[in-house]
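Text of input-v3.csv, listed as CSV, C-alpha atoms:
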chain,number,residue,atom,x,y,z
A,1,PRO,CA,-2.0,2.0,12.9
A,2,LEU,CA,-2.8,0.1,9.8
A,3,ASN,CA,-6.5,0.9,9.9
A,4,MET,CA,-8.4,3.6,11.8
A,5,ALA,CA,-11.9,3.2,10.2
A,6,ALA,CA,-13.6,5.4,7.6
A,7,VAL,CA,-12.5,8.9,6.8
A,8,GLY,CA,-14.5,11.9,5.5
A,9,VAL,CA,-17.9,13.3,6.4
A,10,THR,CA,-19.0,10.0,8.1
A,11,GLY,CA,-15.6,9.0,9.4
A,12,THR,CA,-14.2,9.2,12.9
A,13,SER,CA,-12.3,12.2,14.2
A,14,ALA,CA,-9.3,10.0,14.8
A,15,ALA,CA,-9.3,8.6,11.3
A,16,ASN,CA,-9.7,12.1,9.8
A,17,ARG,CA,-6.8,13.4,11.9
A,18,LEU,CA,-4.5,10.6,10.8
A,19,ALA,CA,-5.5,11.1,7.1
A,20,GLU,CA,-4.6,14.8,7.4
A,21,GLU,CA,-1.2,14.0,8.9
A,22,ALA,CA,-0.3,10.9,6.8
A,23,ASP,CA,2.7,10.9,4.4
A,24,VAL,CA,1.4,8.0,2.4
A,25,VAL,CA,-2.3,6.9,2.0
A,26,LEU,CA,-3.0,3.4,0.6
A,27,ALA,CA,-6.7,3.4,-0.5
A,28,VAL,CA,-7.8,-0.1,-1.3
A,29,GLY,CA,-11.2,-0.6,-3.1
A,30,THR,CA,-12.3,3.0,-2.8
A,31,ARG,CA,-13.0,5.7,-5.4
A,32,LEU,CA,-12.0,8.5,-3.1
A,33,GLN,CA,-15.0,10.6,-3.9
A,34,ASP,CA,-15.7,14.1,-2.5
A,35,PHE,CA,-18.0,12.7,0.2
A,36,THR,CA,-15.3,10.3,1.3
A,37,THR,CA,-12.5,12.8,1.3
A,38,GLY,CA,-14.3,15.9,2.6
A,39,SER,CA,-13.9,17.5,-0.8
A,40,TRP,CA,-10.2,16.6,-0.6
A,41,ALA,CA,-9.7,18.7,2.6
A,42,LEU,CA,-8.3,15.5,4.2
A,43,PHE,CA,-5.6,15.3,1.6
A,44,LYS,CA,-4.5,18.9,1.3
A,45,ASN,CA,-0.9,18.1,2.2
A,46,ALA,CA,1.0,18.7,-1.0
A,47,GLY,CA,3.8,16.3,-0.1
A,48,ARG,CA,1.5,13.3,0.4
A,49,THR,CA,1.6,10.2,-1.8
A,50,ILE,CA,-1.8,8.6,-2.5
A,51,ILE,CA,-1.8,5.0,-3.7
A,52,GLY,CA,-5.1,3.8,-5.0
A,53,LEU,CA,-5.7,0.1,-5.5
A,54,ASN,CA,-8.9,-0.7,-7.4
A,55,THR,CA,-10.1,-3.4,-9.7
A,56,GLN,CA,-11.7,-1.0,-12.2
A,57,GLY,CA,-9.5,0.5,-14.9
A,58,PHE,CA,-11.9,3.5,-15.0
A,59,ASP,CA,-10.8,4.5,-11.5
A,60,ALA,CA,-7.1,4.3,-12.2
A,61,GLY,CA,-6.6,7.8,-13.6
A,62,LYS,CA,-8.7,9.7,-11.1
A,63,HIS,CA,-7.4,12.4,-8.8
A,64,TRP,CA,-4.2,13.3,-10.5
A,65,ALA,CA,-3.0,9.6,-10.5
A,66,LEU,CA,-0.5,8.1,-12.8
A,67,PRO,CA,-2.4,5.0,-13.9
A,68,LEU,CA,-0.9,1.5,-13.9
A,69,VAL,CA,-3.5,-0.9,-15.1
A,70,CYS,CA,-2.8,-4.7,-14.9
A,71,LEU,CA,-5.2,-6.9,-16.8

Is it possible to give me this structure as structure tokens?
Amino acid sequence: PLNMAAVGVTGTSAANRLAEEADVVLAVGTRLQDFTTGSWALFKNAGRTIIGLNTQGFDAGKHWALPLVCL
């Protein structure tokens, strides 16, 4: 599936299960805050790659990311 709705505390059980099992997560337009990620419990798989796409340079370096900022 390409999209299974929101994840985290207010997300669906199906979306949270997929987030836990995903090898790659593409997060578009989200800051991936504690509330959204269940305090990162959803992304505890050490082998997972998280790609965050956001328009704010401030958000580029969050969550152990390697920032690539295009102006």

message = If we count all atoms listed in the file and set the cut-off at 10 Å, which residues sit around Leu26 (chain A), ignoring sequence neighbours fewer than 4 positions away in its own chain? Please answer as number ranges by chain.
response = A: 2, 30, 49-53

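When CA of Asn54 (chain A) is paired with CA of Ala14 (chain A), their separation reads 24.6 Å.
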
ask   = Residues at most 10 Å from Gly38 (chain A), counting all atoms listed in the file, excluding those fewer than 2 positions away in the same chain, as a VMD selection string?
value = chain A and resid 7 to 11 16 32 to 36 40 to 43

Written file, previous selection with C-alpha atoms, as a PDB file, keeping the file's coordinate frame:
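File written: result-v4.pdb
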ATOM      1  CA  VAL A   7     -12.500   8.900   6.800  1.00  0.00           C
ATOM      2  CA  GLY A   8     -14.500  11.900   5.500  1.00  0.00           C
ATOM      3  CA  VAL A   9     -17.900  13.300   6.400  1.00  0.00           C
ATOM      4  CA  THR A  10     -19.000  10.000   8.100  1.00  0.00           C
ATOM      5  CA  GLY A  11     -15.600   9.000   9.400  1.00  0.00           C
ATOM      6  CA  ASN A  16      -9.700  12.100   9.800  1.00  0.00           C
ATOM      7  CA  LEU A  32     -12.000   8.500  -3.100  1.00  0.00           C
ATOM      8  CA  GLN A  33     -15.000  10.600  -3.900  1.00  0.00           C
ATOM      9  CA  ASP A  34     -15.700  14.100  -2.500  1.00  0.00           C
ATOM     10  CA  PHE A  35     -18.000  12.700   0.200  1.00  0.00           C
ATOM     11  CA  THR A  36     -15.300  10.300   1.300  1.00  0.00           C
ATOM     12  CA  TRP A  40     -10.200  16.600  -0.600  1.00  0.00           C
ATOM     13  CA  ALA A  41      -9.700  18.700   2.600  1.00  0.00           C
ATOM     14  CA  LEU A  42      -8.300  15.500   4.200  1.00  0.00           C
ATOM     15  CA  PHE A  43      -5.600  15.300   1.600  1.00  0.00           C
TER      16      PHE A  43
END

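CA of Val25 (chain A) to CA of Ala5 (chain A) spans 13.2 Å [interatomic distance, one decimal].
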
note = The residue from A:Met4, A:Val28, A:Ala15, A:Ala22 with the smallest atom-to-atom distance to Asn45 (chain A), counting all atoms listed in the file, is A:Ala22

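Atom pair CA of Asn3 (chain A) / CA of Phe58 (chain A) has a distance of 25.6 Å (rounded to one decimal).
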
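Of the residues under consideration (A:Ala19, A:Ala6, A:Gly29, A:Val24), A:Gly29 shows the shortest atom-to-atom contact distance to Thr55 (chain A) when counting all atoms listed in the file.
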